[in-house]
file my_file_2.txt (compact mmCIF, C-alpha atoms)
# COMPACT_ATOMS: atom_id res chain seq x y z
CA MET Y 75 55.54 121.33 142.35
CA LEU Y 76 57.28 124.69 142.49
CA THR Y 77 58.73 126.66 139.59
CA VAL Y 78 62.36 127.68 139.85
CA GLY Y 79 61.21 131.25 140.58
CA GLU Y 80 58.87 130.17 143.37
CA PHE Y 81 61.53 127.90 144.83
CA SER Y 82 64.03 130.76 144.63
CA LYS Y 83 61.72 133.11 146.57
CA ILE Y 84 60.82 130.56 149.25
CA CYS Y 85 64.44 129.58 149.92
CA GLN Y 86 65.88 133.06 149.31
CA VAL Y 87 68.52 131.80 146.92
CA SER Y 88 69.21 133.10 143.42
CA ILE Y 89 68.15 131.24 140.30
CA LYS Y 90 71.76 131.40 139.14
CA THR Y 91 72.80 129.52 142.29
CA LEU Y 92 70.07 126.91 141.75
CA HIS Y 93 71.29 126.36 138.19
CA HIS Y 94 74.83 125.91 139.53
CA TYR Y 95 73.69 123.39 142.15
CA ASP Y 96 71.89 121.50 139.41
CA ARG Y 97 75.03 121.40 137.23
CA ILE Y 98 77.23 120.04 140.02
CA GLY Y 99 74.61 117.54 141.18
CA LEU Y 100 74.08 119.10 144.62
CA LEU Y 101 70.37 119.83 144.22
CA ILE Y 102 68.74 118.41 141.10
CA PRO Y 103 65.22 119.62 140.18
CA LEU Y 104 62.47 117.09 140.59
CA LYS Y 105 61.42 117.67 136.99
CA VAL Y 106 62.73 119.46 133.91
CA ASP Y 107 60.27 120.22 131.10
CA PRO Y 108 61.88 118.66 127.99
CA ALA Y 109 60.32 121.24 125.68
CA SER Y 110 60.97 124.46 127.58
CA GLY Y 111 63.84 123.41 129.85
CA TYR Y 112 61.96 124.89 132.84
CA ARG Y 113 62.99 123.41 136.17
CA TYR Y 114 60.49 122.36 138.82
CA TYR Y 115 61.19 121.51 142.44
CA GLY Y 116 59.28 119.43 144.95
CA GLN Y 117 58.01 120.82 148.21
CA GLN Y 118 60.23 118.36 150.06
CA GLN Y 119 63.30 119.90 148.42
CA VAL Y 120 62.76 123.13 150.35
CA ARG Y 121 64.03 121.34 153.45
CA GLN Y 122 67.10 120.13 151.54
CA MET Y 123 67.85 123.61 150.21
CA LEU Y 124 67.57 125.15 153.66
CA LEU Y 125 69.96 122.53 155.02
CA ILE Y 126 72.46 123.31 152.25
CA LYS Y 127 72.28 127.02 153.12
CA ARG Y 128 72.82 126.28 156.80
CA LEU Y 129 75.80 124.02 156.12
CA LYS Y 130 77.32 126.75 153.92
CA ARG Y 131 76.97 129.19 156.82
CA TYR Y 132 78.79 126.65 158.99
CA GLY Y 133 81.73 126.86 156.60
CA PHE Y 134 81.39 123.57 154.71
CA SER Y 135 82.44 123.54 151.06
CA LEU Y 136 79.95 122.45 148.40
CA ASP Y 137 81.88 119.19 147.98
CA ASP Y 138 81.67 118.58 151.73
CA ILE Y 139 77.95 119.36 151.69
CA ARG Y 140 77.34 116.87 148.89
CA LEU Y 141 79.05 114.14 150.90
CA LEU Y 142 77.07 115.07 154.01
CA LEU Y 143 73.77 114.93 152.13
CA GLU Y 144 74.69 111.51 150.80
CA CYS Y 145 75.53 110.26 154.30
CA LYS Y 146 72.95 107.83 155.66
CA ASP Y 147 74.54 107.49 159.10
CA ASP Y 148 73.29 110.16 161.53
CA SER Y 149 76.22 109.51 163.90
CA VAL Y 150 78.71 110.36 161.14
CA PHE Y 151 76.74 113.51 160.28
CA PHE Y 152 76.76 114.52 163.95
CA PHE Y 153 80.53 113.88 164.21
CA LYS Y 154 81.21 116.05 161.14
CA LEU Y 155 79.19 118.89 162.65
CA CYS Y 156 81.09 118.61 165.94
CA ARG Y 157 84.41 118.74 164.11
CA GLN Y 158 83.30 121.83 162.20
CA LYS Y 159 82.25 123.46 165.47
CA GLU Y 160 85.78 122.90 166.81
CA THR Y 161 87.24 124.37 163.62
CA LEU Y 162 85.06 127.48 163.89
CA GLU Y 163 85.99 127.92 167.56
CA LEU Y 164 89.69 127.84 166.62
CA GLN Y 165 89.07 130.34 163.84
CA LYS Y 166 87.22 132.60 166.26
CA ARG Y 167 90.08 132.38 168.74
CA ASP Y 168 92.58 133.26 166.01
CA ALA Y 169 90.38 136.15 164.84
CA ASP Y 170 90.13 137.45 168.42
CA LEU Y 171 93.92 137.34 168.72
CA VAL Y 172 94.37 139.22 165.45
CA LEU Y 173 91.81 141.83 166.55
CA SER Y 174 93.61 142.30 169.86
CA GLU Y 175 96.94 142.63 168.04
CA LEU Y 176 95.49 145.13 165.56
CA SER Y 177 94.01 147.22 168.38
CA ALA Y 178 97.38 147.37 170.14
CA ASN Y 179 99.10 148.23 166.85
CA LEU Y 180 96.64 151.08 166.26
CA ARG Y 181 97.21 152.49 169.74
CA ASN Y 182 100.96 152.37 169.22
CA PHE Y 183 100.68 153.91 165.73
CA GLU Y 184 98.50 156.72 167.07
CA ARG Y 185 100.99 157.43 169.84
CA THR Y 186 104.24 157.18 167.85
CA GLY Y 187 103.24 157.85 164.24
CA ASP Y 188 105.23 154.76 163.22
CA ILE Y 189 103.27 151.76 161.88
CA MET Y 190 106.18 149.49 162.85
CA GLY Y 191 106.79 151.22 166.15
CA TYR Y 192 105.69 148.19 168.15
CA GLN Y 193 108.99 146.50 167.30
CA LYS Y 194 110.77 149.08 169.44
CA ASN Y 195 109.01 147.59 172.46
CA TYR Y 196 111.40 144.62 172.39
CA GLU Y 197 114.35 144.93 174.75
CA ILE Y 198 117.34 143.20 173.18
CA THR Y 199 120.20 142.05 175.39
CA VAL Y 200 123.42 140.12 174.77
CA VAL Y 201 123.80 137.17 177.13
CA ASN Y 202 126.12 134.23 177.65
CA THR Y 203 123.72 131.32 177.80
CA PRO Y 204 124.38 128.37 180.13
CA ASP Y 205 125.03 124.81 179.00
CA ARG Y 206 121.72 122.98 178.72
CA ILE Y 207 121.31 119.27 179.45
CA ILE Y 208 118.59 118.11 177.09
CA LEU Y 209 116.58 115.40 175.47
CA ALA Y 210 116.14 116.23 171.81
CA SER Y 211 114.04 115.24 168.82
CA ARG Y 212 115.26 116.63 165.49
CA GLN Y 213 112.95 116.05 162.53
CA VAL Y 214 111.73 117.63 159.34
CA MET Y 215 108.37 118.69 160.74
CA GLY Y 216 105.68 121.32 160.70
CA VAL Y 217 104.73 123.51 163.62
CA LYS Y 218 101.51 121.49 163.88
CA ASP Y 219 103.63 118.40 164.66
CA PHE Y 220 105.19 119.85 167.82
CA GLY Y 221 102.67 118.15 170.10
CA THR Y 222 103.42 114.71 168.67
CA TYR Y 223 107.18 114.95 169.08
CA TYR Y 224 107.01 116.63 172.48
CA SER Y 225 104.80 113.77 173.65
CA GLY Y 226 107.53 111.34 172.61
CA LEU Y 227 110.13 113.25 174.61
CA TYR Y 228 107.97 113.34 177.74
CA GLU Y 229 107.17 109.65 177.39
CA ARG Y 230 110.91 108.93 177.37
CA MET Y 231 111.36 111.14 180.40
CA ALA Y 232 108.68 109.26 182.34
CA LYS Y 233 109.95 105.84 181.24
CA ASP Y 234 113.54 106.59 182.31
CA HIS Y 235 112.48 108.44 185.50
CA LEU Y 236 114.23 111.64 184.44
CA THR Y 237 113.80 114.99 186.15
CA PRO Y 238 112.68 117.95 184.03
CA ASP Y 239 114.41 121.27 184.70
CA GLY Y 240 111.66 123.44 183.16
CA VAL Y 241 113.34 124.15 179.82
CA ARG Y 242 111.24 123.47 176.73
CA GLY Y 243 112.09 124.88 173.34
CA ALA Y 244 112.75 124.53 169.62
CA VAL Y 245 115.86 125.09 167.49
CA TYR Y 246 115.46 126.11 163.83
CA TYR Y 247 118.22 124.84 161.52
CA ASP Y 248 116.89 125.64 158.03
CA GLU Y 249 118.03 128.77 156.26
CA GLU Y 250 114.40 129.51 155.48
CA PHE Y 251 111.32 128.79 157.55
CA HIS Y 252 108.40 126.79 156.24
CA PRO Y 253 105.55 126.18 158.72
CA GLU Y 254 104.69 122.78 157.18
CA SER Y 255 108.17 121.30 156.72
CA SER Y 256 111.32 122.59 158.41
CA ASP Y 257 114.42 121.12 160.03
CA ILE Y 258 113.50 121.65 163.68
CA GLU Y 259 114.87 120.20 166.90
CA LEU Y 260 112.56 120.12 169.89
CA ILE Y 261 114.36 120.18 173.23
CA VAL Y 262 113.40 119.42 176.82
CA GLY Y 263 115.79 120.12 179.67
CA ILE Y 264 116.62 117.42 182.24
CA ARG Y 265 118.89 117.24 185.30
CA GLU Y 266 120.52 113.85 184.64
CA LYS Y 267 123.59 114.67 182.52
CA ASP Y 268 124.48 111.02 181.93
CA LYS Y 269 121.03 110.35 180.39
CA ALA Y 270 121.01 113.37 178.07
CA ASP Y 271 120.85 113.17 174.28
CA LYS Y 272 123.23 116.11 174.08
CA ILE Y 273 124.64 119.06 175.91
CA MET Y 274 123.58 122.29 174.26
CA GLU Y 275 126.69 124.36 174.89
CA GLY Y 276 126.31 127.90 176.11
CA GLN Y 277 127.25 130.71 173.78
CA LEU Y 278 126.94 134.42 173.19
CA CYS Y 279 123.39 135.27 172.10
CA ALA Y 280 121.23 138.26 171.33
CA SER Y 281 118.01 137.64 173.19
CA THR Y 282 114.57 139.08 173.79
CA ILE Y 283 111.24 138.02 175.29
CA HIS Y 284 108.12 137.92 173.16
CA LYS Y 285 104.81 138.27 174.97
CA GLY Y 286 101.78 136.98 173.12
CA PRO Y 287 100.75 134.24 170.69
CA TYR Y 288 103.20 132.35 168.52
CA SER Y 289 101.59 133.78 165.38
CA SER Y 290 103.39 137.09 166.01
CA LEU Y 291 106.80 135.66 166.97
CA SER Y 292 108.18 136.98 163.69
CA ASP Y 293 107.92 140.50 165.13
CA ALA Y 294 110.44 139.58 167.80
CA TYR Y 295 112.68 137.83 165.27
CA GLY Y 296 112.63 140.94 163.10
CA ALA Y 297 113.53 143.16 166.05
CA ILE Y 298 116.51 140.97 166.98
CA VAL Y 299 117.83 140.78 163.41
CA THR Y 300 117.63 144.56 163.08
CA TRP Y 301 119.43 145.01 166.41
CA ILE Y 302 122.19 142.56 165.41
CA GLU Y 303 122.88 144.47 162.20
CA GLU Y 304 122.80 147.87 163.87
CA ASN Y 305 125.12 146.88 166.71
CA GLY Y 306 128.02 145.27 164.87
CA TYR Y 307 127.19 141.60 165.39
CA ALA Y 308 126.66 138.69 163.00
CA TRP Y 309 124.71 135.45 163.30
CA ASP Y 310 126.74 132.55 164.67
CA GLY Y 311 124.39 129.56 164.71
CA ALA Y 312 120.79 128.41 164.62
CA PRO Y 313 118.23 130.60 166.45
CA TYR Y 314 116.06 128.95 169.05
CA GLU Y 315 113.10 129.58 171.33
CA ILE Y 316 112.53 128.71 174.99
CA TYR Y 317 108.87 128.62 176.00
CA LEU Y 318 108.59 130.30 179.40
CA LYS Y 319 104.81 130.61 179.77
CA THR Y 320 102.41 128.60 177.62
CA GLN Y 321 98.90 127.18 177.43
CA PHE Y 322 100.09 124.45 179.80
CA ASP Y 323 100.28 127.12 182.51
CA HIS Y 324 96.55 127.71 181.96
CA LEU Y 325 97.21 131.08 180.35
CA THR Y 326 95.52 132.72 177.38
CA PRO Y 327 97.74 133.35 174.30
CA GLU Y 328 98.03 137.04 175.18
CA ASP Y 329 99.95 136.02 178.33
CA TRP Y 330 102.32 133.48 176.78
CA GLU Y 331 106.03 134.32 176.97
CA THR Y 332 108.74 133.05 174.64
CA GLU Y 333 112.43 133.83 175.02
CA ILE Y 334 114.24 133.99 171.68
CA PHE Y 335 117.98 133.49 171.25
CA PHE Y 336 120.15 134.30 168.23
CA PRO Y 337 123.75 133.06 168.60
CA VAL Y 338 126.02 135.96 167.61
CA LYS Y 339 129.62 137.03 167.30
CA LYS Y 340 131.27 140.40 166.89
CA LYS Y 341 132.02 141.34 163.31
call {"tool": "encode", "arguments": {"input": "my_file_2.txt", "output": "structure tokens"}}
result
Amino acid sequence: MLTVGEFSKICQVSIKTLHHYDRIGLLIPLKVDPASGYRYYGQQQVRQMLLIKRLKRYGFSLDDIRLLLECKDDSVFFFKLCRQKETLELQKRDADLVLSELSANLRNFERTGDIMGYQKNYEITVVNTPDRIILASRQVMGVKDFGTYYSGLYERMAKDHLTPDGVRGAVYYDEEFHPESSDIELIVGIREKDKADKIMEGQLCASTIHKGPYSSLSDAYGAIVTWIEENGYAWDGAPYEIYLKTQFDHLTPEDWETEIFFPVKKK
């Protein structure tokens, strides 16, 4: 058997951490001397400790690791690892996007001396939007639910043999935005007026185009709101987005384009 110090050196983990793992039942010593309280580990527990360290590097929580170590089904273990790999790939993609955004922000800051100078890159125009013939799905939903509800709209379109006109967007009705639960209406444009759920009537809007991932859409929203206030307009309805270029066009997030509309009126 190995003393706690020897086990600590072999596995390169602190004694404090080993004590913690013992307390939470993640890695219990093979033997504890009743008189001295010294902990002793078996040689076979080195393998278990190394696996715990590896799973921690993969981003699993200690609770998740405990469940994985208790799992007797290799196929379930393999599935959990595959799911974690997908999660890490998404996190890497998000981190790459943030790094790209930060780099662009730094270049702009260096050139203009204004940390918020990138917002001036948005060209705001006032437009009279056309009437839009649409299928719609209005729900209290999170952004993560968009795919589910869009799928329902496209299934209806296929079932009823409707013709898409290329418009796809989302209207935000809540006074405040919550990414997990907001009053949102997803819209898809069609050509058959008699089969539409509604006609989205045209109106005067302040508009701009955001280029890049959805995570930075708030920059464009902020630019429009500032422009509205500075140019004597007021909000006159729910803002909405039209997705011009997306992942479905086989583009990377940096190349996505979203047109944003704020209904307005003159003060």
call {"tool": "atom_distance", "arguments": {"input": "my_file_2.txt", "atom1": "atom CA of Y:Met274", "atom2": "atom CA of Y:Leu325"}}
result
28.5 Å
call {"tool": "atom_distance", "arguments": {"input": "my_file_2.txt", "atom1": "atom CA of Y:Glu315", "atom2": "atom CA of Y:Glu333"}}
result
5.7 Å
call {"tool": "atom_distance", "arguments": {"input": "my_file_2.txt", "atom1": "atom CA of Y:Asp268", "atom2": "atom CA of Y:Thr332"}}
result
28.0 Å
call {"tool": "residues_near_point", "arguments": {"input": "my_file_2.txt", "point": "(116.5, 121.7, 164.5)", "cutoff": "8 Å", "atoms": "only C-alpha atoms", "output": "list in words"}}
result
Arg212, Gln213, Ala244, Val245, Tyr246, Tyr247, Asp248, Asp257, Ile258, Glu259, Leu260 and Ala312 of chain Y
call {"tool": "residues_around", "arguments": {"input": "my_file_2.txt", "residues": "stretch 142-159 of chain Y", "least_positions_apart": "3", "cutoff": "10 Å", "atoms": "only C-alpha atoms", "output": "list in words"}}
result
Leu100, Leu101, Gln122, Leu125, Ile126, Leu129, Tyr132, Gly133, Phe134, Leu136, Asp137, Asp138, Ile139, Leu162, Glu163, Leu164 and Gln165 of chain Y
call {"tool": "residues_near_point", "arguments": {"input": "my_file_2.txt", "point": "(127.3, 130.2, 183.3)", "cutoff": "12 Å", "atoms": "all atoms listed in the file", "output": "list in words"}}
result
Val201, Asn202, Thr203, Pro204, Asp205, Arg206, Glu275, Gly276, Gln277 and Leu278 of chain Y
call {"tool": "residues_around", "arguments": {"input": "my_file_2.txt", "residues": "Y:Leu171", "least_positions_apart": "2", "cutoff": "10 Å", "atoms": "only C-alpha atoms", "output": "PyMOL selection string"}}
result
chain Y and resi 165-169+173-177+286-287+289-290+326-328
call {"tool": "residues_around", "arguments": {"input": "my_file_2.txt", "residues": "Y:Asp310", "least_positions_apart": "2", "cutoff": "9 Å", "atoms": "all atoms listed in the file", "output": "list in words"}}
result
Leu278, Cys279, Ala308, Ala312, Pro313, Phe336, Pro337, Val338 and Lys339 of chain Y
call {"tool": "closest_residue", "arguments": {"input": "my_file_2.txt", "among": "Y:Gly240, Y:Arg97, Y:Pro103, Y:His284", "to": "Y:Trp330", "atoms": "all atoms listed in the file"}}
result
Y:His284
call {"tool": "closest_residue", "arguments": {"input": "my_file_2.txt", "among": "Y:Lys341, Y:His252, Y:Lys272, Y:Lys233", "to": "Y:Ala210", "atoms": "all atoms listed in the file"}}
result
Y:Lys272
call {"tool": "build_atoms", "arguments": {"input": "my_file_2.txt", "residues": "stretch 97-121 of chain Y", "atoms": "N, CA and C atoms", "output": "PDB file, in the coordinates of the input"}}
result
ATOM      1  N   ARG Y  97      73.906 121.828 138.073  1.00  0.00           N
ATOM      2  CA  ARG Y  97      75.030 121.400 137.230  1.00  0.00           C
ATOM      3  C   ARG Y  97      76.002 120.503 137.989  1.00  0.00           C
ATOM      4  N   ILE Y  98      76.239 120.819 139.256  1.00  0.00           N
ATOM      5  CA  ILE Y  98      77.230 120.040 140.020  1.00  0.00           C
ATOM      6  C   ILE Y  98      76.592 118.864 140.751  1.00  0.00           C
ATOM      7  N   GLY Y  99      75.277 118.690 140.585  1.00  0.00           N
ATOM      8  CA  GLY Y  99      74.610 117.540 141.180  1.00  0.00           C
ATOM      9  C   GLY Y  99      74.314 117.675 142.659  1.00  0.00           C
ATOM     10  N   LEU Y 100      74.352 118.903 143.194  1.00  0.00           N
ATOM     11  CA  LEU Y 100      74.080 119.100 144.620  1.00  0.00           C
ATOM     12  C   LEU Y 100      72.589 119.111 144.908  1.00  0.00           C
ATOM     13  N   LEU Y 101      71.825 119.778 144.059  1.00  0.00           N
ATOM     14  CA  LEU Y 101      70.370 119.830 144.220  1.00  0.00           C
ATOM     15  C   LEU Y 101      69.752 119.787 142.821  1.00  0.00           C
ATOM     16  N   ILE Y 102      69.283 118.624 142.445  1.00  0.00           N
ATOM     17  CA  ILE Y 102      68.740 118.410 141.100  1.00  0.00           C
ATOM     18  C   ILE Y 102      67.231 118.606 141.126  1.00  0.00           C
ATOM     19  N   PRO Y 103      66.679 119.408 140.203  1.00  0.00           N
ATOM     20  CA  PRO Y 103      65.220 119.620 140.180  1.00  0.00           C
ATOM     21  C   PRO Y 103      64.462 118.293 140.083  1.00  0.00           C
ATOM     22  N   LEU Y 104      63.292 118.299 140.632  1.00  0.00           N
ATOM     23  CA  LEU Y 104      62.470 117.090 140.590  1.00  0.00           C
ATOM     24  C   LEU Y 104      62.035 116.777 139.164  1.00  0.00           C
ATOM     25  N   LYS Y 105      61.866 117.856 138.371  1.00  0.00           N
ATOM     26  CA  LYS Y 105      61.420 117.670 136.990  1.00  0.00           C
ATOM     27  C   LYS Y 105      61.951 118.802 136.134  1.00  0.00           C
ATOM     28  N   VAL Y 106      62.335 118.463 134.895  1.00  0.00           N
ATOM     29  CA  VAL Y 106      62.730 119.460 133.910  1.00  0.00           C
ATOM     30  C   VAL Y 106      61.864 119.263 132.667  1.00  0.00           C
ATOM     31  N   ASP Y 107      61.139 120.315 132.281  1.00  0.00           N
ATOM     32  CA  ASP Y 107      60.270 120.220 131.100  1.00  0.00           C
ATOM     33  C   ASP Y 107      61.151 120.041 129.852  1.00  0.00           C
ATOM     34  N   PRO Y 108      61.006 118.920 129.135  1.00  0.00           N
ATOM     35  CA  PRO Y 108      61.880 118.660 127.990  1.00  0.00           C
ATOM     36  C   PRO Y 108      61.721 119.674 126.867  1.00  0.00           C
ATOM     37  N   ALA Y 109      60.561 120.288 126.774  1.00  0.00           N
ATOM     38  CA  ALA Y 109      60.320 121.240 125.680  1.00  0.00           C
ATOM     39  C   ALA Y 109      60.886 122.613 126.011  1.00  0.00           C
ATOM     40  N   SER Y 110      60.571 123.096 127.213  1.00  0.00           N
ATOM     41  CA  SER Y 110      60.970 124.460 127.580  1.00  0.00           C
ATOM     42  C   SER Y 110      62.273 124.527 128.368  1.00  0.00           C
ATOM     43  N   GLY Y 111      62.656 123.413 128.998  1.00  0.00           N
ATOM     44  CA  GLY Y 111      63.840 123.410 129.850  1.00  0.00           C
ATOM     45  C   GLY Y 111      63.573 123.991 131.230  1.00  0.00           C
ATOM     46  N   TYR Y 112      62.298 124.340 131.533  1.00  0.00           N
ATOM     47  CA  TYR Y 112      61.960 124.890 132.840  1.00  0.00           C
ATOM     48  C   TYR Y 112      62.188 123.832 133.922  1.00  0.00           C
ATOM     49  N   ARG Y 113      62.726 124.300 135.043  1.00  0.00           N
ATOM     50  CA  ARG Y 113      62.990 123.410 136.170  1.00  0.00           C
ATOM     51  C   ARG Y 113      61.850 123.525 137.185  1.00  0.00           C
ATOM     52  N   TYR Y 114      61.516 122.394 137.788  1.00  0.00           N
ATOM     53  CA  TYR Y 114      60.490 122.360 138.820  1.00  0.00           C
ATOM     54  C   TYR Y 114      61.026 121.574 140.022  1.00  0.00           C
ATOM     55  N   TYR Y 115      60.699 122.107 141.203  1.00  0.00           N
ATOM     56  CA  TYR Y 115      61.190 121.510 142.440  1.00  0.00           C
ATOM     57  C   TYR Y 115      60.021 121.003 143.273  1.00  0.00           C
ATOM     58  N   GLY Y 116      60.289 119.960 144.052  1.00  0.00           N
ATOM     59  CA  GLY Y 116      59.280 119.430 144.950  1.00  0.00           C
ATOM     60  C   GLY Y 116      59.282 120.169 146.267  1.00  0.00           C
ATOM     61  N   GLN Y 117      58.134 120.150 146.919  1.00  0.00           N
ATOM     62  CA  GLN Y 117      58.010 120.820 148.210  1.00  0.00           C
ATOM     63  C   GLN Y 117      59.029 120.278 149.212  1.00  0.00           C
ATOM     64  N   GLN Y 118      59.289 118.969 149.126  1.00  0.00           N
ATOM     65  CA  GLN Y 118      60.230 118.360 150.060  1.00  0.00           C
ATOM     66  C   GLN Y 118      61.664 118.846 149.854  1.00  0.00           C
ATOM     67  N   GLN Y 119      61.951 119.407 148.681  1.00  0.00           N
ATOM     68  CA  GLN Y 119      63.300 119.900 148.420  1.00  0.00           C
ATOM     69  C   GLN Y 119      63.591 121.237 149.094  1.00  0.00           C
ATOM     70  N   VAL Y 120      62.543 121.899 149.589  1.00  0.00           N
ATOM     71  CA  VAL Y 120      62.760 123.130 150.350  1.00  0.00           C
ATOM     72  C   VAL Y 120      63.610 122.821 151.579  1.00  0.00           C
ATOM     73  N   ARG Y 121      63.276 121.746 152.257  1.00  0.00           N
ATOM     74  CA  ARG Y 121      64.030 121.340 153.450  1.00  0.00           C
ATOM     75  C   ARG Y 121      65.502 121.087 153.106  1.00  0.00           C
TER      76      ARG Y 121
END
